[in-house]
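The structure under discussion appears below in the form of structure tokens.
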Amino acid sequence: MDLYVDNQDGGDGQQDLFKPEYKKYKRKDMKLDLKDVIDFTKHVNMDKVEDICLQESQHPAVRGLKPVKEWKSYAIKGFPGFVFIKNPFDEGQQRYWIERCVLDYPNKPSKTILDNLVDMSNINDIWLTSQGESGANITSKDSLIMKLRWSTMGYNYEWNSRAYYDAMKSHFPSDLHELCRYIASTIGYQNFSAETAIVNYYHMSGDMGPHKDISEIDHDAPLLSFSFGQDALFLLGGLTKATKPVCLCLHSGDVCIMYGDCRLVYHAVPRILPADQEILKHCYNFNEETDCSDTQETVPAAPDVSNGLVTRRQGIKWDLFSQYLQCTRINMNVRQVLPPGGTHIADFPPPVCPSMNDSKQRETSEQNNCGQTQD
Ligand code: OGA
Ligand code: MN
């Protein structure tokens with residue numbers, strides 16, 4: 001285990017004020033001190049934030065989202081370019097996205113960490129395979145679904161070279177594209193093109209080390225990040241580690257946007273925390289009899305199915321699904337890769353990050369082939 005060393009050099013001759021904060025929230029051997037953490041749901045440390053008003057979107061409404069005028073959105077003082085939208089989803093409607101993240105998005109042609117861990121040639125449905133694993137408890141660390149830590153869609157991020165390639169591209173789901181285009185337009189970015197997503201699956205001991213996301217060629221487009229399930233502490237820093245980060249508690253449904261001055265800043269997820277069960281019931285409820293995926297009325301966005309019809313999900317053991325969600329946080333992290341009108345990565349020089357003094361584009365504390373670590 002790393003030693004807790006305060007005020008280390010951030011690598012650029014300046015004091016590292018990020019790592020001490022990261023370690024403070026990550027370490028499990030001391031009582032967690034939440035006194036400086038901004039919590040938009042519990043209204044704690046709201047003097048560090050200001051209300052902002054987002055614009056109505058010109059894009060077709062996305063079912064499952066509240067009208068923009070009802071959203072509660074905030075900026076964080078001293079961190080321009082960061083927009084926080086407190087759960088803009090209608091009651092129960094996060095269920096749709098969680099189902100997509102667990103039941104659909106990780107399956108082929110997406111890439112997942114499982115491709116590196118197990119023989120996936122005969123596994124076409126990760127959830128169904130997991131719930132059928134003989135004798136295995138769905139939440140035991142050996143179950144297939146618990147080993148799923150990330151899945152990528154669209155341009156599949158190559159973790160080793162920290163880059164995207166034209167030859168490594170899979171289908172990007174149209175429902176997620178529409179959701180993101182709609183939300184991006186409310187901050188004035190009209191034509192966001194969702195070209196890559198990393199879906200991160202964290203369990204209770206998971207975290208993600210300090211890093212910046214600079215591998216995309218277009219840094220003018222916003223980065224959209226959605227949280228579902230259990231809570232997370234999120235550290236938002238500056239262009240260098242010399243900026244002391246601010247800590248936010250993210251709850252199910254919350255949306256973070258990193259844009260403009262904030263697009264290339266250091267950030268991290270030092271800790272996953274159990275969510276309030278009462279609040280979660282209003283976000284989704286997998287113990288309910290109703291299967292929200294089966295009717296047009298309750299499906300929030302255009303579903304990505306070939307015949308245009310929404311098919312009822314067959315054979316899902318919702319009690320197991322609910323158990324999985326009890327120990328999981330899901331993060332959909334969506335980015336545009338190419339500048340507007342661009343069609344190929346190869347047409348552009350590799351991205352540069354002005355404040356980086358080394359070649360590390362996605363730097364993590366203990367790289368686990370995925371940016372996440374689990375104890
Ligand atoms: C990422 C990331 C943050 C989160 O995937 O690059 O920063 O909230 N995720 O999980
Ligand atoms: Mn990131």
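Quick note on naming: the chains in the structure tokens go A, B, ... in the order shown, residues restart at 1 in each chain, and ligands are numbered from 1 in order of appearance.
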
Test item: residues no farther than 12 Å from ligand 2, counting only C-alpha atoms and all ligand atoms, as a short mmCIF file (atom, residue, chain, number, x, y, z; two decimals) with all heavy atoms, in the first residue's frame:
```cif
data_model
loop_
_atom_site.label_atom_id
_atom_site.label_comp_id
_atom_site.auth_asym_id
_atom_site.auth_seq_id
_atom_site.Cartn_x
_atom_site.Cartn_y
_atom_site.Cartn_z
N ALA A 197 -17.90 6.03 -25.81
CA ALA A 197 -18.32 6.00 -24.41
C ALA A 197 -17.54 4.92 -23.70
O ALA A 197 -17.31 3.83 -24.25
CB ALA A 197 -19.81 5.73 -24.29
N ILE A 198 -17.15 5.26 -22.49
CA ILE A 198 -16.63 4.24 -21.58
C ILE A 198 -17.71 4.09 -20.53
O ILE A 198 -18.14 5.08 -19.94
CB ILE A 198 -15.31 4.68 -20.92
CG1 ILE A 198 -14.24 4.91 -21.97
CG2 ILE A 198 -14.86 3.63 -19.90
CD1 ILE A 198 -12.93 5.45 -21.43
N VAL A 199 -18.21 2.88 -20.35
CA VAL A 199 -19.12 2.65 -19.25
C VAL A 199 -18.29 1.99 -18.16
O VAL A 199 -17.66 0.95 -18.39
CB VAL A 199 -20.31 1.76 -19.65
CG1 VAL A 199 -21.30 1.65 -18.49
CG2 VAL A 199 -21.02 2.32 -20.89
N ASN A 200 -18.22 2.65 -17.01
CA ASN A 200 -17.45 2.13 -15.88
C ASN A 200 -18.40 1.48 -14.89
O ASN A 200 -19.45 2.05 -14.57
CB ASN A 200 -16.73 3.28 -15.17
CG ASN A 200 -15.66 3.93 -16.03
OD1 ASN A 200 -14.66 3.29 -16.37
ND2 ASN A 200 -15.86 5.18 -16.41
N ASP A 207 -12.39 2.43 -7.25
CA ASP A 207 -12.05 3.85 -7.35
C ASP A 207 -11.42 4.09 -8.70
O ASP A 207 -11.15 3.12 -9.44
CB ASP A 207 -11.11 4.28 -6.22
CG ASP A 207 -9.83 3.48 -6.23
OD1 ASP A 207 -9.04 3.65 -7.17
OD2 ASP A 207 -9.61 2.65 -5.32
N MET A 208 -11.20 5.33 -9.04
CA MET A 208 -10.47 5.66 -10.27
C MET A 208 -9.47 6.74 -9.93
O MET A 208 -9.83 7.77 -9.37
CB MET A 208 -11.44 6.13 -11.36
CG MET A 208 -10.74 6.37 -12.69
SD MET A 208 -11.86 6.91 -13.99
CE MET A 208 -12.69 5.39 -14.39
N GLY A 209 -8.22 6.49 -10.25
CA GLY A 209 -7.13 7.40 -9.87
C GLY A 209 -7.17 8.71 -10.64
O GLY A 209 -7.89 8.86 -11.62
N PRO A 210 -6.36 9.68 -10.17
CA PRO A 210 -6.31 10.99 -10.81
C PRO A 210 -5.88 10.88 -12.27
O PRO A 210 -4.90 10.20 -12.58
CB PRO A 210 -5.25 11.74 -10.01
CG PRO A 210 -5.14 11.01 -8.71
CD PRO A 210 -5.48 9.59 -9.00
N HIS A 211 -6.59 11.51 -13.15
CA HIS A 211 -6.24 11.50 -14.57
C HIS A 211 -6.94 12.66 -15.27
O HIS A 211 -7.82 13.29 -14.71
CB HIS A 211 -6.67 10.18 -15.23
CG HIS A 211 -8.16 10.02 -15.30
ND1 HIS A 211 -8.91 9.62 -14.22
CD2 HIS A 211 -9.05 10.25 -16.31
CE1 HIS A 211 -10.19 9.60 -14.56
NE2 HIS A 211 -10.31 9.98 -15.82
N LYS A 212 -6.51 12.86 -16.54
CA LYS A 212 -7.21 13.80 -17.42
C LYS A 212 -7.60 13.01 -18.65
O LYS A 212 -6.89 12.08 -19.03
CB LYS A 212 -6.28 14.90 -17.92
CG LYS A 212 -5.46 15.59 -16.91
CD LYS A 212 -4.47 16.44 -17.69
CE LYS A 212 -3.86 17.47 -16.80
NZ LYS A 212 -3.27 18.56 -17.56
N ASP A 213 -8.68 13.39 -19.29
CA ASP A 213 -9.08 12.70 -20.52
C ASP A 213 -8.73 13.59 -21.70
O ASP A 213 -9.47 14.51 -22.03
CB ASP A 213 -10.58 12.40 -20.47
CG ASP A 213 -10.89 11.41 -19.37
OD1 ASP A 213 -10.35 10.29 -19.43
OD2 ASP A 213 -11.60 11.76 -18.42
N ILE A 214 -7.57 13.30 -22.29
CA ILE A 214 -7.11 14.19 -23.36
C ILE A 214 -6.95 13.47 -24.70
O ILE A 214 -6.47 14.05 -25.65
CB ILE A 214 -5.79 14.89 -22.99
CG1 ILE A 214 -4.63 13.89 -22.97
CG2 ILE A 214 -5.89 15.60 -21.65
CD1 ILE A 214 -3.29 14.58 -23.01
N SER A 215 -7.35 12.19 -24.77
CA SER A 215 -7.07 11.41 -25.97
C SER A 215 -7.98 11.76 -27.15
O SER A 215 -7.72 11.33 -28.27
CB SER A 215 -7.24 9.92 -25.68
OG SER A 215 -6.44 9.56 -24.58
N GLU A 216 -9.05 12.50 -26.89
CA GLU A 216 -9.95 12.88 -27.97
C GLU A 216 -9.29 14.00 -28.77
O GLU A 216 -8.57 14.84 -28.21
CB GLU A 216 -11.30 13.34 -27.38
CG GLU A 216 -12.02 12.26 -26.56
CD GLU A 216 -11.37 11.94 -25.21
OE1 GLU A 216 -10.76 12.85 -24.61
OE2 GLU A 216 -11.47 10.77 -24.77
N LEU A 223 -17.49 16.90 -22.36
CA LEU A 223 -17.49 15.49 -21.94
C LEU A 223 -18.67 15.34 -20.98
O LEU A 223 -18.85 16.15 -20.07
CB LEU A 223 -16.16 15.19 -21.25
CG LEU A 223 -15.90 13.76 -20.77
CD1 LEU A 223 -14.39 13.51 -20.70
CD2 LEU A 223 -16.51 13.47 -19.41
N LEU A 224 -19.50 14.34 -21.22
CA LEU A 224 -20.70 14.13 -20.40
C LEU A 224 -20.56 12.87 -19.57
O LEU A 224 -20.18 11.81 -20.10
CB LEU A 224 -21.95 13.99 -21.30
CG LEU A 224 -22.62 15.28 -21.76
CD1 LEU A 224 -21.73 16.05 -22.70
CD2 LEU A 224 -23.93 14.96 -22.45
N SER A 225 -20.88 12.98 -18.30
CA SER A 225 -20.67 11.85 -17.40
C SER A 225 -21.91 11.63 -16.53
O SER A 225 -22.37 12.54 -15.85
CB SER A 225 -19.44 12.19 -16.56
OG SER A 225 -19.19 11.21 -15.61
N PHE A 226 -22.45 10.42 -16.60
CA PHE A 226 -23.70 10.08 -15.91
C PHE A 226 -23.41 9.09 -14.79
O PHE A 226 -22.65 8.14 -14.98
CB PHE A 226 -24.68 9.39 -16.88
CG PHE A 226 -25.06 10.23 -18.07
CD1 PHE A 226 -24.22 10.31 -19.18
CD2 PHE A 226 -26.25 10.94 -18.10
CE1 PHE A 226 -24.57 11.08 -20.29
CE2 PHE A 226 -26.62 11.70 -19.20
CZ PHE A 226 -25.77 11.77 -20.30
N PHE A 234 -16.30 12.42 -6.02
CA PHE A 234 -15.64 12.82 -7.27
C PHE A 234 -14.77 14.04 -6.97
O PHE A 234 -15.24 15.01 -6.39
CB PHE A 234 -16.71 13.17 -8.31
CG PHE A 234 -16.18 13.62 -9.65
CD1 PHE A 234 -15.80 12.68 -10.59
CD2 PHE A 234 -16.09 14.97 -9.96
CE1 PHE A 234 -15.32 13.09 -11.84
CE2 PHE A 234 -15.61 15.38 -11.20
CZ PHE A 234 -15.23 14.44 -12.15
N LEU A 235 -13.49 13.95 -7.33
CA LEU A 235 -12.57 15.08 -7.13
C LEU A 235 -12.37 15.80 -8.44
O LEU A 235 -12.04 15.17 -9.46
CB LEU A 235 -11.22 14.58 -6.63
CG LEU A 235 -11.14 14.12 -5.17
CD1 LEU A 235 -9.76 13.51 -4.90
CD2 LEU A 235 -11.39 15.29 -4.22
N LEU A 236 -12.57 17.10 -8.40
CA LEU A 236 -12.41 17.93 -9.59
C LEU A 236 -11.28 18.90 -9.33
O LEU A 236 -11.33 19.68 -8.36
CB LEU A 236 -13.72 18.70 -9.84
CG LEU A 236 -13.72 19.69 -10.98
CD1 LEU A 236 -13.67 18.95 -12.32
CD2 LEU A 236 -14.97 20.58 -10.92
N GLY A 237 -10.24 18.83 -10.15
CA GLY A 237 -9.06 19.66 -9.93
C GLY A 237 -8.84 20.66 -11.06
O GLY A 237 -9.78 21.11 -11.70
N CYS A 256 -22.60 15.17 -14.89
CA CYS A 256 -21.50 16.16 -14.82
C CYS A 256 -21.05 16.46 -16.24
O CYS A 256 -20.90 15.54 -17.06
CB CYS A 256 -20.30 15.60 -14.06
SG CYS A 256 -20.65 15.24 -12.33
N ILE A 257 -20.80 17.72 -16.50
CA ILE A 257 -20.30 18.11 -17.83
C ILE A 257 -18.96 18.82 -17.64
O ILE A 257 -18.85 19.73 -16.80
CB ILE A 257 -21.30 19.03 -18.56
CG1 ILE A 257 -22.68 18.36 -18.64
CG2 ILE A 257 -20.78 19.40 -19.94
CD1 ILE A 257 -23.74 19.20 -19.32
N MET A 258 -17.97 18.38 -18.37
CA MET A 258 -16.66 19.04 -18.35
C MET A 258 -16.45 19.68 -19.71
O MET A 258 -16.43 18.99 -20.73
CB MET A 258 -15.57 18.01 -18.02
CG MET A 258 -15.72 17.49 -16.59
SD MET A 258 -14.71 16.05 -16.22
CE MET A 258 -13.11 16.82 -16.03
N CYS A 262 -12.62 23.52 -18.29
CA CYS A 262 -12.63 22.35 -17.41
C CYS A 262 -12.46 21.03 -18.17
O CYS A 262 -12.36 19.97 -17.56
CB CYS A 262 -13.96 22.35 -16.67
SG CYS A 262 -13.94 21.37 -15.22
N ARG A 263 -12.38 21.12 -19.50
CA ARG A 263 -12.40 19.87 -20.29
C ARG A 263 -11.18 19.00 -20.02
O ARG A 263 -11.26 17.78 -20.10
CB ARG A 263 -12.52 20.24 -21.78
CG ARG A 263 -12.43 19.10 -22.77
CD ARG A 263 -13.55 18.10 -22.60
NE ARG A 263 -13.37 16.97 -23.53
CZ ARG A 263 -12.53 15.97 -23.34
NH1 ARG A 263 -11.74 15.93 -22.26
NH2 ARG A 263 -12.45 14.99 -24.23
N LEU A 264 -10.05 19.65 -19.71
CA LEU A 264 -8.80 18.88 -19.60
C LEU A 264 -8.23 18.87 -18.19
O LEU A 264 -7.03 18.71 -17.99
CB LEU A 264 -7.76 19.46 -20.58
CG LEU A 264 -8.14 19.38 -22.07
CD1 LEU A 264 -7.11 20.13 -22.92
CD2 LEU A 264 -8.27 17.95 -22.55
N VAL A 265 -9.08 19.03 -17.21
CA VAL A 265 -8.56 19.10 -15.84
C VAL A 265 -8.44 17.71 -15.21
O VAL A 265 -9.06 16.74 -15.65
CB VAL A 265 -9.43 20.00 -14.92
CG1 VAL A 265 -9.50 21.42 -15.46
CG2 VAL A 265 -10.81 19.41 -14.69
N TYR A 266 -7.62 17.65 -14.17
CA TYR A 266 -7.49 16.42 -13.40
C TYR A 266 -8.77 16.13 -12.64
O TYR A 266 -9.43 17.04 -12.14
CB TYR A 266 -6.35 16.55 -12.38
CG TYR A 266 -5.00 16.25 -12.97
CD1 TYR A 266 -4.13 17.28 -13.29
CD2 TYR A 266 -4.61 14.94 -13.22
CE1 TYR A 266 -2.89 17.02 -13.84
CE2 TYR A 266 -3.37 14.66 -13.77
CZ TYR A 266 -2.52 15.70 -14.09
OH TYR A 266 -1.29 15.43 -14.65
N HIS A 267 -9.12 14.86 -12.60
CA HIS A 267 -10.28 14.44 -11.81
C HIS A 267 -10.05 12.99 -11.38
O HIS A 267 -9.17 12.30 -11.91
CB HIS A 267 -11.58 14.62 -12.59
CG HIS A 267 -11.61 13.92 -13.91
ND1 HIS A 267 -10.95 14.40 -15.03
CD2 HIS A 267 -12.21 12.76 -14.31
CE1 HIS A 267 -11.15 13.57 -16.04
NE2 HIS A 267 -11.90 12.57 -15.62
N ALA A 268 -10.86 12.54 -10.43
CA ALA A 268 -10.69 11.18 -9.90
C ALA A 268 -11.94 10.79 -9.13
O ALA A 268 -12.75 11.63 -8.76
CB ALA A 268 -9.48 11.14 -8.96
N VAL A 269 -12.07 9.49 -8.91
CA VAL A 269 -13.15 8.97 -8.06
C VAL A 269 -12.49 8.18 -6.93
O VAL A 269 -12.14 7.01 -7.09
CB VAL A 269 -14.11 8.05 -8.86
CG1 VAL A 269 -15.19 7.46 -7.96
CG2 VAL A 269 -14.75 8.80 -10.01
N ASN A 331 -21.05 4.39 -14.36
CA ASN A 331 -20.75 5.70 -14.91
C ASN A 331 -20.69 5.60 -16.43
O ASN A 331 -19.90 4.84 -16.97
CB ASN A 331 -19.39 6.18 -14.35
CG ASN A 331 -18.84 7.40 -15.08
OD1 ASN A 331 -17.77 7.36 -15.68
ND2 ASN A 331 -19.57 8.49 -15.05
N MET A 332 -21.58 6.33 -17.12
CA MET A 332 -21.50 6.41 -18.59
C MET A 332 -20.71 7.69 -18.89
O MET A 332 -21.15 8.79 -18.55
CB MET A 332 -22.89 6.55 -19.23
CG MET A 332 -23.88 5.47 -18.94
SD MET A 332 -25.30 5.47 -20.08
CE MET A 332 -26.09 7.05 -19.77
N ASN A 333 -19.56 7.54 -19.50
CA ASN A 333 -18.65 8.65 -19.75
C ASN A 333 -18.55 8.84 -21.26
O ASN A 333 -17.94 8.02 -21.95
CB ASN A 333 -17.30 8.27 -19.13
CG ASN A 333 -16.54 9.48 -18.68
OD1 ASN A 333 -15.88 10.11 -19.51
ND2 ASN A 333 -16.63 9.81 -17.41
N VAL A 334 -19.19 9.89 -21.76
CA VAL A 334 -19.40 10.00 -23.21
C VAL A 334 -18.62 11.19 -23.79
O VAL A 334 -18.65 12.28 -23.22
CB VAL A 334 -20.91 10.18 -23.52
CG1 VAL A 334 -21.15 10.13 -25.03
CG2 VAL A 334 -21.74 9.11 -22.81
N ARG A 335 -17.97 10.94 -24.88
CA ARG A 335 -17.12 11.98 -25.49
C ARG A 335 -17.30 12.05 -26.99
O ARG A 335 -17.58 11.04 -27.64
CB ARG A 335 -15.64 11.66 -25.23
CG ARG A 335 -15.29 11.51 -23.78
CD ARG A 335 -14.46 10.29 -23.57
NE ARG A 335 -14.38 9.94 -22.15
CZ ARG A 335 -13.28 9.52 -21.57
NH1 ARG A 335 -12.18 9.38 -22.26
NH2 ARG A 335 -13.31 9.20 -20.30
N GLN A 361 -1.39 10.33 -20.94
CA GLN A 361 -2.64 10.99 -21.26
C GLN A 361 -3.72 10.65 -20.27
O GLN A 361 -4.59 11.45 -19.99
CB GLN A 361 -3.09 10.60 -22.66
CG GLN A 361 -2.11 11.09 -23.70
CD GLN A 361 -2.62 10.88 -25.08
OE1 GLN A 361 -3.65 10.26 -25.27
NE2 GLN A 361 -1.91 11.38 -26.05
N ARG A 362 -3.70 9.44 -19.81
CA ARG A 362 -4.72 9.03 -18.86
C ARG A 362 -3.97 8.37 -17.73
O ARG A 362 -3.65 7.20 -17.74
CB ARG A 362 -5.70 8.06 -19.54
CG ARG A 362 -6.98 7.89 -18.76
CD ARG A 362 -7.85 6.89 -19.45
NE ARG A 362 -8.72 6.28 -18.48
CZ ARG A 362 -9.98 6.65 -18.30
NH1 ARG A 362 -10.52 7.57 -19.03
NH2 ARG A 362 -10.71 6.06 -17.39
N GLU A 363 -3.64 9.17 -16.77
CA GLU A 363 -2.75 8.74 -15.72
C GLU A 363 -3.56 8.23 -14.54
O GLU A 363 -4.49 8.87 -14.11
CB GLU A 363 -1.92 9.96 -15.30
CG GLU A 363 -0.82 9.65 -14.36
CD GLU A 363 -0.20 10.95 -13.86
OE1 GLU A 363 -0.31 11.97 -14.54
OE2 GLU A 363 0.36 10.93 -12.77
N THR A 364 -3.20 7.10 -14.03
CA THR A 364 -3.95 6.57 -12.89
C THR A 364 -2.98 6.15 -11.79
O THR A 364 -1.79 5.98 -12.03
CB THR A 364 -4.79 5.35 -13.28
OG1 THR A 364 -3.91 4.33 -13.69
CG2 THR A 364 -5.75 5.68 -14.39
N CYS A 370 -7.50 -0.55 -16.90
CA CYS A 370 -8.82 0.05 -17.06
C CYS A 370 -8.97 1.35 -16.32
O CYS A 370 -10.03 1.95 -16.34
CB CYS A 370 -9.89 -0.91 -16.59
SG CYS A 370 -9.80 -1.20 -14.84
N GLY A 371 -7.94 1.82 -15.68
CA GLY A 371 -8.09 3.07 -14.98
C GLY A 371 -8.72 2.91 -13.60
O GLY A 371 -8.59 3.77 -12.77
N GLN A 372 -9.41 1.83 -13.39
CA GLN A 372 -10.04 1.62 -12.09
C GLN A 372 -9.21 0.67 -11.24
O GLN A 372 -8.54 -0.19 -11.75
CB GLN A 372 -11.40 0.96 -12.25
CG GLN A 372 -12.50 1.87 -12.69
CD GLN A 372 -13.79 1.08 -12.63
OE1 GLN A 372 -14.21 0.61 -11.60
NE2 GLN A 372 -14.40 0.91 -13.78
#
```

*strand (DSSP E) residues, from DSSP on the backbone, in region 37-195 of chain A, as a ChimeraX atom specification*: /A:49-52,72-76,82-86,111-112,150-154

Output the selection as a PDB file, in the first residue's frame - N, CA, C and O atoms for each residue.
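Output saved as out-v8.pdb:
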```
ATOM      1  N   VAL A  49     -20.930  26.700  -4.492  1.00  0.00           N
ATOM      2  CA  VAL A  49     -21.522  26.538  -5.832  1.00  0.00           C
ATOM      3  C   VAL A  49     -22.457  27.692  -6.151  1.00  0.00           C
ATOM      4  O   VAL A  49     -22.837  28.454  -5.267  1.00  0.00           O
ATOM      5  N   GLU A  50     -22.799  27.831  -7.408  1.00  0.00           N
ATOM      6  CA  GLU A  50     -23.848  28.786  -7.758  1.00  0.00           C
ATOM      7  C   GLU A  50     -24.831  28.176  -8.735  1.00  0.00           C
ATOM      8  O   GLU A  50     -24.441  27.364  -9.583  1.00  0.00           O
ATOM      9  N   ASP A  51     -26.079  28.589  -8.593  1.00  0.00           N
ATOM     10  CA  ASP A  51     -27.122  28.090  -9.497  1.00  0.00           C
ATOM     11  C   ASP A  51     -26.862  28.627 -10.895  1.00  0.00           C
ATOM     12  O   ASP A  51     -26.482  29.772 -11.050  1.00  0.00           O
ATOM     13  N   ILE A  52     -27.101  27.799 -11.884  1.00  0.00           N
ATOM     14  CA  ILE A  52     -27.041  28.312 -13.255  1.00  0.00           C
ATOM     15  C   ILE A  52     -28.319  27.909 -13.974  1.00  0.00           C
ATOM     16  O   ILE A  52     -29.016  26.980 -13.555  1.00  0.00           O
ATOM     17  N   LYS A  72     -32.217  21.252 -11.891  1.00  0.00           N
ATOM     18  CA  LYS A  72     -31.413  22.074 -10.977  1.00  0.00           C
ATOM     19  C   LYS A  72     -29.965  21.919 -11.434  1.00  0.00           C
ATOM     20  O   LYS A  72     -29.400  20.824 -11.393  1.00  0.00           O
ATOM     21  N   SER A  73     -29.390  23.029 -11.887  1.00  0.00           N
ATOM     22  CA  SER A  73     -28.016  22.946 -12.389  1.00  0.00           C
ATOM     23  C   SER A  73     -27.123  23.963 -11.686  1.00  0.00           C
ATOM     24  O   SER A  73     -27.583  25.033 -11.286  1.00  0.00           O
ATOM     25  N   TYR A  74     -25.866  23.605 -11.587  1.00  0.00           N
ATOM     26  CA  TYR A  74     -24.932  24.398 -10.783  1.00  0.00           C
ATOM     27  C   TYR A  74     -23.566  24.498 -11.455  1.00  0.00           C
ATOM     28  O   TYR A  74     -23.141  23.586 -12.175  1.00  0.00           O
ATOM     29  N   ALA A  75     -22.886  25.608 -11.141  1.00  0.00           N
ATOM     30  CA  ALA A  75     -21.458  25.742 -11.455  1.00  0.00           C
ATOM     31  C   ALA A  75     -20.733  25.682 -10.112  1.00  0.00           C
ATOM     32  O   ALA A  75     -21.343  25.896  -9.065  1.00  0.00           O
ATOM     33  N   ILE A  76     -19.445  25.387 -10.157  1.00  0.00           N
ATOM     34  CA  ILE A  76     -18.664  25.356  -8.918  1.00  0.00           C
ATOM     35  C   ILE A  76     -17.701  26.532  -8.941  1.00  0.00           C
ATOM     36  O   ILE A  76     -16.973  26.720  -9.928  1.00  0.00           O
ATOM     37  N   PHE A  82     -17.242  23.618 -15.565  1.00  0.00           N
ATOM     38  CA  PHE A  82     -17.851  22.412 -14.999  1.00  0.00           C
ATOM     39  C   PHE A  82     -19.327  22.701 -14.740  1.00  0.00           C
ATOM     40  O   PHE A  82     -19.669  23.711 -14.131  1.00  0.00           O
ATOM     41  N   VAL A  83     -20.191  21.842 -15.237  1.00  0.00           N
ATOM     42  CA  VAL A  83     -21.636  21.995 -15.025  1.00  0.00           C
ATOM     43  C   VAL A  83     -22.146  20.736 -14.342  1.00  0.00           C
ATOM     44  O   VAL A  83     -21.841  19.613 -14.779  1.00  0.00           O
ATOM     45  N   PHE A  84     -22.885  20.945 -13.282  1.00  0.00           N
ATOM     46  CA  PHE A  84     -23.475  19.810 -12.569  1.00  0.00           C
ATOM     47  C   PHE A  84     -24.993  19.886 -12.721  1.00  0.00           C
ATOM     48  O   PHE A  84     -25.596  20.916 -12.420  1.00  0.00           O
ATOM     49  N   ILE A  85     -25.604  18.816 -13.209  1.00  0.00           N
ATOM     50  CA  ILE A  85     -27.067  18.767 -13.301  1.00  0.00           C
ATOM     51  C   ILE A  85     -27.539  17.710 -12.316  1.00  0.00           C
ATOM     52  O   ILE A  85     -27.171  16.525 -12.428  1.00  0.00           O
ATOM     53  N   LYS A  86     -28.313  18.161 -11.363  1.00  0.00           N
ATOM     54  CA  LYS A  86     -28.813  17.199 -10.356  1.00  0.00           C
ATOM     55  C   LYS A  86     -29.906  16.354 -10.979  1.00  0.00           C
ATOM     56  O   LYS A  86     -30.879  16.902 -11.508  1.00  0.00           O
ATOM     57  N   LYS A 111     -16.336  -3.488 -26.665  1.00  0.00           N
ATOM     58  CA  LYS A 111     -15.154  -4.125 -26.055  1.00  0.00           C
ATOM     59  C   LYS A 111     -15.310  -4.012 -24.548  1.00  0.00           C
ATOM     60  O   LYS A 111     -15.823  -3.002 -24.052  1.00  0.00           O
ATOM     61  N   THR A 112     -14.873  -5.020 -23.842  1.00  0.00           N
ATOM     62  CA  THR A 112     -14.924  -4.953 -22.377  1.00  0.00           C
ATOM     63  C   THR A 112     -13.630  -5.509 -21.795  1.00  0.00           C
ATOM     64  O   THR A 112     -12.865  -6.188 -22.489  1.00  0.00           O
ATOM     65  N   TRP A 150     -15.313  -2.263 -17.140  1.00  0.00           N
ATOM     66  CA  TRP A 150     -15.538  -1.242 -18.156  1.00  0.00           C
ATOM     67  C   TRP A 150     -15.973  -1.886 -19.453  1.00  0.00           C
ATOM     68  O   TRP A 150     -15.700  -3.065 -19.707  1.00  0.00           O
ATOM     69  N   SER A 151     -16.669  -1.082 -20.216  1.00  0.00           N
ATOM     70  CA  SER A 151     -17.049  -1.497 -21.554  1.00  0.00           C
ATOM     71  C   SER A 151     -16.947  -0.253 -22.434  1.00  0.00           C
ATOM     72  O   SER A 151     -17.206   0.855 -21.950  1.00  0.00           O
ATOM     73  N   THR A 152     -16.496  -0.398 -23.671  1.00  0.00           N
ATOM     74  CA  THR A 152     -16.368   0.780 -24.541  1.00  0.00           C
ATOM     75  C   THR A 152     -17.186   0.588 -25.812  1.00  0.00           C
ATOM     76  O   THR A 152     -17.329  -0.523 -26.310  1.00  0.00           O
ATOM     77  N   MET A 153     -17.723   1.697 -26.292  1.00  0.00           N
ATOM     78  CA  MET A 153     -18.565   1.673 -27.500  1.00  0.00           C
ATOM     79  C   MET A 153     -18.139   2.800 -28.416  1.00  0.00           C
ATOM     80  O   MET A 153     -17.572   3.785 -27.972  1.00  0.00           O
ATOM     81  N   GLY A 154     -18.484   2.684 -29.696  1.00  0.00           N
ATOM     82  CA  GLY A 154     -18.042   3.683 -30.663  1.00  0.00           C
ATOM     83  C   GLY A 154     -16.549   3.484 -30.846  1.00  0.00           C
ATOM     84  O   GLY A 154     -16.078   2.343 -30.953  1.00  0.00           O
TER      85      GLY A 154
END
```

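By chain and then residue number, the residues within 12 Å of Pro350 (chain A) are Ser161, Arg162, Ala163, Tyr164, Tyr165, Ile214, Ser215, Glu216, Ile217, Asp218, His219, Val337, Leu338, His344, Ile345, Ser359 and Gln361 of chain A, counting only C-alpha atoms and disregarding those fewer than 5 positions away in sequence.
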
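Distances here use only C-alpha atoms; by that measure, the residue among A:Ile123, A:Gln94, A:Ser322, A:Leu248 closest to Met46 (chain A) is A:Leu248.
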
*Pick from A:Pro349, A:Asp319, A:Pro339, A:Cys247, whichever lies nearest to ligand 1 using only C-alpha atoms and all ligand atoms*: A:Cys247

*Take CA of Gly64 (chain A) and CA of Gly253 (chain A) and report the distance between them in Å, one decimal.*
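If I compute the distance from CA of Gly64 (chain A) to CA of Gly253 (chain A), I get 11.2 Å.
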
*asked:* From the options A:Lys147, A:Lys66, A:His251, A:Arg312, which residue's atoms come nearest to ligand 1, counting only C-alpha atoms and all ligand atoms?
replied: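 Checking each of A:Lys147, A:Lys66, A:His251, A:Arg312 against ligand 1, counting only C-alpha atoms and all ligand atoms, the winner is A:His251.
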
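Residues of region 138-226 of chain A that DSSP, applied to the backbone, places in helix (DSSP H, G or I): Leu144, Ile145, Met146, Lys147, Ser174, Asp175, Leu176, His177, Glu178, Leu179, Cys180, Arg181, Tyr182, Ile183, Ala184 and Ser185 of chain A.
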
*Out of A:Glu288, A:Asp347, A:Asp254, A:Asp261, which residue has the shortest atom-to-atom distance to ligand 1 when counting only C-alpha atoms and all ligand atoms?*
A:Asp254
